[in-house]
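For reference, target-v6.cif (mmCIF, C-alpha atoms):
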```cif
data_target
#
loop_
_atom_site.group_PDB
_atom_site.id
_atom_site.type_symbol
_atom_site.label_atom_id
_atom_site.label_comp_id
_atom_site.auth_asym_id
_atom_site.auth_seq_id
_atom_site.Cartn_x
_atom_site.Cartn_y
_atom_site.Cartn_z
ATOM 1 C CA MET E 22 0.000 0.000 0.000
ATOM 2 C CA SER E 23 1.416 3.372 -0.932
ATOM 3 C CA ARG E 24 1.177 5.589 2.115
ATOM 4 C CA VAL E 25 0.281 8.788 0.248
ATOM 5 C CA CYS E 26 -2.976 10.702 0.697
ATOM 6 C CA SER E 27 -4.860 11.031 -2.593
ATOM 7 C CA VAL E 28 -6.451 14.337 -1.457
ATOM 8 C CA CYS E 29 -3.603 16.414 -0.025
ATOM 9 C CA GLY E 30 -0.536 14.397 -1.054
ATOM 10 C CA LYS E 31 0.742 13.885 2.495
ATOM 11 C CA GLY E 32 3.250 11.039 2.587
ATOM 12 C CA GLN E 33 6.246 9.657 4.393
ATOM 13 C CA THR E 34 8.648 12.043 6.125
ATOM 14 C CA THR E 35 11.972 11.479 7.877
ATOM 15 C CA GLY E 36 13.474 12.388 11.226
ATOM 16 C CA ASN E 37 15.699 11.039 13.965
ATOM 17 C CA ASN E 38 15.415 8.417 16.681
ATOM 18 C CA VAL E 39 17.035 10.002 19.724
ATOM 19 C CA SER E 40 18.281 7.654 22.431
ATOM 20 C CA HIS E 41 18.750 8.480 26.110
ATOM 21 C CA SER E 42 22.425 9.254 25.388
ATOM 22 C CA LYS E 43 21.307 11.626 22.571
ATOM 23 C CA ARG E 44 22.674 9.430 19.742
ATOM 24 C CA ARG E 45 20.686 10.023 16.566
ATOM 25 C CA THR E 46 19.721 7.467 13.926
ATOM 26 C CA ARG E 47 17.437 8.081 10.961
ATOM 27 C CA ARG E 48 13.816 6.938 10.995
ATOM 28 C CA THR E 49 10.639 7.460 8.959
ATOM 29 C CA PHE E 50 7.249 8.793 9.973
ATOM 30 C CA LYS E 51 4.470 7.249 7.884
ATOM 31 C CA ALA E 52 1.200 9.012 7.128
ATOM 32 C CA ASN E 53 -1.924 7.554 8.750
ATOM 33 C CA VAL E 54 -3.947 6.768 5.614
ATOM 34 C CA GLN E 55 -7.157 4.755 5.383
ATOM 35 C CA LYS E 56 -8.855 3.252 2.308
ATOM 36 C CA VAL E 57 -12.220 4.998 1.854
ATOM 37 C CA SER E 58 -14.762 5.887 -0.811
ATOM 38 C CA TYR E 59 -15.314 9.609 -1.304
ATOM 39 C CA VAL E 60 -16.950 11.989 -3.799
ATOM 40 C CA GLU E 61 -14.652 13.916 -6.157
ATOM 41 C CA ASN E 62 -16.056 16.071 -8.986
ATOM 42 C CA GLY E 63 -19.441 14.356 -8.679
ATOM 43 C CA LYS E 64 -17.991 10.837 -8.990
ATOM 44 C CA THR E 65 -17.445 8.243 -6.285
ATOM 45 C CA VAL E 66 -13.744 7.419 -5.975
ATOM 46 C CA THR E 67 -11.984 4.818 -3.813
ATOM 47 C CA GLY E 68 -8.568 5.813 -2.551
ATOM 48 C CA TYR E 69 -6.270 6.276 0.401
ATOM 49 C CA VAL E 70 -7.025 9.372 2.490
ATOM 50 C CA CYS E 71 -5.141 10.681 5.532
ATOM 51 C CA THR E 72 -7.154 10.991 8.724
ATOM 52 C CA ARG E 73 -6.989 14.798 8.677
ATOM 53 C CA CYS E 74 -8.642 14.839 5.251
ATOM 54 C CA LEU E 75 -11.219 12.269 6.381
ATOM 55 C CA LYS E 76 -12.869 15.036 8.416
ATOM 56 C CA SER E 77 -13.177 17.338 5.416
ATOM 57 C CA VAL E 78 -13.946 15.127 2.385
ATOM 58 C CA GLU E 79 -17.498 14.220 1.486
ATOM 59 C CA ARG E 80 -17.884 10.487 2.072
ATOM 60 C CA ALA E 81 -19.834 8.284 -0.326
#
```

Turn this file's structure into structure tokens for me.
Amino acid sequence: MSRVCSVCGKGQTTGNNVSHSKRRTRRTFKANVQKVSYVENGKTVTGYVCTRCLKSVERA
């Protein structure tokens, strides 16, 4: 599953794991996307939508 929102384009981002001794290693933060059906331009579309956009899109 591609973890990219089909409404806003939010996807994976990177950052650091920081241990107790402050050593840093790279990590990824994945977008919380859910597979839903929603209305786009009058048509019902099935796609992956982030949870922030779930509040705003019109569900089918």

field: Coordinates-based distance that separates CA of Val25 (chain E) from CA of Val78 (chain E) (Å, one decimal)
entry: 15.7 Å

Residue by residue, what does the PyMOL selection byres ((chain E and resi 34) around 12) grab here? Present the result as an mmCIF file with C-alpha atoms, in the frame of the given file.
```cif
data_model
loop_
_atom_site.group_PDB
_atom_site.id
_atom_site.type_symbol
_atom_site.label_atom_id
_atom_site.label_comp_id
_atom_site.auth_asym_id
_atom_site.auth_seq_id
_atom_site.Cartn_x
_atom_site.Cartn_y
_atom_site.Cartn_z
ATOM 1 C CA ARG E 24 1.177 5.589 2.115
ATOM 2 C CA VAL E 25 0.281 8.788 0.248
ATOM 3 C CA GLY E 30 -0.536 14.397 -1.054
ATOM 4 C CA LYS E 31 0.742 13.885 2.495
ATOM 5 C CA GLY E 32 3.250 11.039 2.587
ATOM 6 C CA GLN E 33 6.246 9.657 4.393
ATOM 7 C CA THR E 35 11.972 11.479 7.877
ATOM 8 C CA GLY E 36 13.474 12.388 11.226
ATOM 9 C CA ASN E 37 15.699 11.039 13.965
ATOM 10 C CA ARG E 47 17.437 8.081 10.961
ATOM 11 C CA ARG E 48 13.816 6.938 10.995
ATOM 12 C CA THR E 49 10.639 7.460 8.959
ATOM 13 C CA PHE E 50 7.249 8.793 9.973
ATOM 14 C CA LYS E 51 4.470 7.249 7.884
ATOM 15 C CA ALA E 52 1.200 9.012 7.128
ATOM 16 C CA ASN E 53 -1.924 7.554 8.750
#
```

field: Distance in Å - CA of Lys64 (chain E) versus CA of Cys26 (chain E)
entry: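 Between these atoms lies a distance of 17.9 Å.
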
message: Counting only C-alpha atoms, which residue out of E:Val54, E:Cys29, E:Ser23, E:Lys43 sits closest to Val70 (chain E)?
response: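 Using only C-alpha atoms, Val70 (chain E) sits closest to E:Val54.
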
query: Applied to the shown file, which residues does the PyMOL selection byres ((chain E and resi 61) around 12) return, written as a list in words?
result: Ser27, Val28, Ser58, Tyr59, Val60, Asn62, Gly63, Lys64, Thr65, Val66, Thr67, Gly68, Val78, Glu79, Arg80 and Ala81 of chain E

task: Take the point (-8.6, 4.9, 5.7) as written in the file and pick out every residue within 7 Å of it, counting all atoms listed in the file; give the list as a ChimeraX atom specification.
output: /E:54-57,69-72

Output as a PDB file, keeping the file's coordinate frame: region 23-34 of chain E, completed with all heavy atoms.
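In the end it all went to rebuild.pdb:
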```pdb
ATOM      1  N   SER E  23       0.655   2.125  -0.949  1.00  0.00           N
ATOM      2  CA  SER E  23       1.416   3.372  -0.932  1.00  0.00           C
ATOM      3  C   SER E  23       0.815   4.275   0.139  1.00  0.00           C
ATOM      4  O   SER E  23      -0.390   4.499   0.188  1.00  0.00           O
ATOM      5  CB  SER E  23       1.345   4.063  -2.289  1.00  0.00           C
ATOM      6  OG  SER E  23       0.066   4.597  -2.513  1.00  0.00           O
ATOM      7  N   ARG E  24       1.649   4.777   0.998  1.00  0.00           N
ATOM      8  CA  ARG E  24       1.177   5.589   2.115  1.00  0.00           C
ATOM      9  C   ARG E  24       1.187   7.061   1.729  1.00  0.00           C
ATOM     10  O   ARG E  24       1.907   7.857   2.330  1.00  0.00           O
ATOM     11  CB  ARG E  24       2.026   5.344   3.348  1.00  0.00           C
ATOM     12  CG  ARG E  24       1.806   4.016   3.979  1.00  0.00           C
ATOM     13  CD  ARG E  24       2.632   3.926   5.240  1.00  0.00           C
ATOM     14  NE  ARG E  24       2.178   2.863   6.109  1.00  0.00           N
ATOM     15  CZ  ARG E  24       1.256   3.012   7.054  1.00  0.00           C
ATOM     16  NH1 ARG E  24       0.687   4.159   7.256  1.00  0.00           N
ATOM     17  NH2 ARG E  24       0.910   2.008   7.801  1.00  0.00           N
ATOM     18  N   VAL E  25       0.401   7.405   0.699  1.00  0.00           N
ATOM     19  CA  VAL E  25       0.281   8.788   0.248  1.00  0.00           C
ATOM     20  C   VAL E  25      -1.199   9.123   0.163  1.00  0.00           C
ATOM     21  O   VAL E  25      -1.982   8.372  -0.428  1.00  0.00           O
ATOM     22  CB  VAL E  25       0.965   8.985  -1.119  1.00  0.00           C
ATOM     23  CG1 VAL E  25       0.777  10.404  -1.612  1.00  0.00           C
ATOM     24  CG2 VAL E  25       2.441   8.651  -1.029  1.00  0.00           C
ATOM     25  N   CYS E  26      -1.587  10.257   0.731  1.00  0.00           N
ATOM     26  CA  CYS E  26      -2.976  10.702   0.697  1.00  0.00           C
ATOM     27  C   CYS E  26      -3.326  11.146  -0.716  1.00  0.00           C
ATOM     28  O   CYS E  26      -2.590  11.919  -1.329  1.00  0.00           O
ATOM     29  CB  CYS E  26      -3.173  11.839   1.686  1.00  0.00           C
ATOM     30  SG  CYS E  26      -4.835  12.532   1.688  1.00  0.00           S
ATOM     31  N   SER E  27      -4.458  10.664  -1.240  1.00  0.00           N
ATOM     32  CA  SER E  27      -4.860  11.031  -2.593  1.00  0.00           C
ATOM     33  C   SER E  27      -5.546  12.396  -2.644  1.00  0.00           C
ATOM     34  O   SER E  27      -5.789  12.920  -3.726  1.00  0.00           O
ATOM     35  CB  SER E  27      -5.787   9.962  -3.178  1.00  0.00           C
ATOM     36  OG  SER E  27      -6.915   9.789  -2.366  1.00  0.00           O
ATOM     37  N   VAL E  28      -5.828  13.016  -1.492  1.00  0.00           N
ATOM     38  CA  VAL E  28      -6.451  14.337  -1.457  1.00  0.00           C
ATOM     39  C   VAL E  28      -5.405  15.433  -1.323  1.00  0.00           C
ATOM     40  O   VAL E  28      -5.322  16.345  -2.139  1.00  0.00           O
ATOM     41  CB  VAL E  28      -7.483  14.429  -0.307  1.00  0.00           C
ATOM     42  CG1 VAL E  28      -8.055  15.827  -0.210  1.00  0.00           C
ATOM     43  CG2 VAL E  28      -8.587  13.412  -0.508  1.00  0.00           C
ATOM     44  N   CYS E  29      -4.561  15.332  -0.292  1.00  0.00           N
ATOM     45  CA  CYS E  29      -3.603  16.414  -0.025  1.00  0.00           C
ATOM     46  C   CYS E  29      -2.168  16.055  -0.387  1.00  0.00           C
ATOM     47  O   CYS E  29      -1.299  16.922  -0.410  1.00  0.00           O
ATOM     48  CB  CYS E  29      -3.656  16.825   1.443  1.00  0.00           C
ATOM     49  SG  CYS E  29      -3.062  15.566   2.589  1.00  0.00           S
ATOM     50  N   GLY E  30      -1.886  14.792  -0.675  1.00  0.00           N
ATOM     51  CA  GLY E  30      -0.536  14.397  -1.054  1.00  0.00           C
ATOM     52  C   GLY E  30       0.406  14.156   0.109  1.00  0.00           C
ATOM     53  O   GLY E  30       1.607  13.974  -0.095  1.00  0.00           O
ATOM     54  N   LYS E  31      -0.110  14.143   1.336  1.00  0.00           N
ATOM     55  CA  LYS E  31       0.742  13.885   2.495  1.00  0.00           C
ATOM     56  C   LYS E  31       1.306  12.472   2.392  1.00  0.00           C
ATOM     57  O   LYS E  31       0.601  11.529   2.065  1.00  0.00           O
ATOM     58  CB  LYS E  31      -0.061  14.010   3.783  1.00  0.00           C
ATOM     59  CG  LYS E  31       0.761  13.735   5.044  1.00  0.00           C
ATOM     60  CD  LYS E  31      -0.117  13.600   6.262  1.00  0.00           C
ATOM     61  CE  LYS E  31      -0.502  14.973   6.764  1.00  0.00           C
ATOM     62  NZ  LYS E  31      -1.189  14.886   8.064  1.00  0.00           N
ATOM     63  N   GLY E  32       2.606  12.343   2.685  1.00  0.00           N
ATOM     64  CA  GLY E  32       3.250  11.039   2.587  1.00  0.00           C
ATOM     65  C   GLY E  32       4.252  10.837   3.700  1.00  0.00           C
ATOM     66  O   GLY E  32       4.163  11.434   4.765  1.00  0.00           O
ATOM     67  N   GLN E  33       5.220   9.999   3.416  1.00  0.00           N
ATOM     68  CA  GLN E  33       6.246   9.657   4.393  1.00  0.00           C
ATOM     69  C   GLN E  33       7.221  10.810   4.579  1.00  0.00           C
ATOM     70  O   GLN E  33       7.585  11.492   3.630  1.00  0.00           O
ATOM     71  CB  GLN E  33       6.980   8.435   3.871  1.00  0.00           C
ATOM     72  CG  GLN E  33       8.100   7.923   4.716  1.00  0.00           C
ATOM     73  CD  GLN E  33       8.641   6.632   4.150  1.00  0.00           C
ATOM     74  OE1 GLN E  33       7.935   5.646   4.116  1.00  0.00           O
ATOM     75  NE2 GLN E  33       9.864   6.645   3.701  1.00  0.00           N
ATOM     76  N   THR E  34       7.646  11.038   5.827  1.00  0.00           N
ATOM     77  CA  THR E  34       8.648  12.043   6.125  1.00  0.00           C
ATOM     78  C   THR E  34       9.722  11.423   7.014  1.00  0.00           C
ATOM     79  O   THR E  34       9.508  10.340   7.571  1.00  0.00           O
ATOM     80  CB  THR E  34       8.031  13.286   6.795  1.00  0.00           C
ATOM     81  OG1 THR E  34       9.013  14.285   6.949  1.00  0.00           O
ATOM     82  CG2 THR E  34       7.427  12.956   8.135  1.00  0.00           C
TER      83      THR E  34
END
```
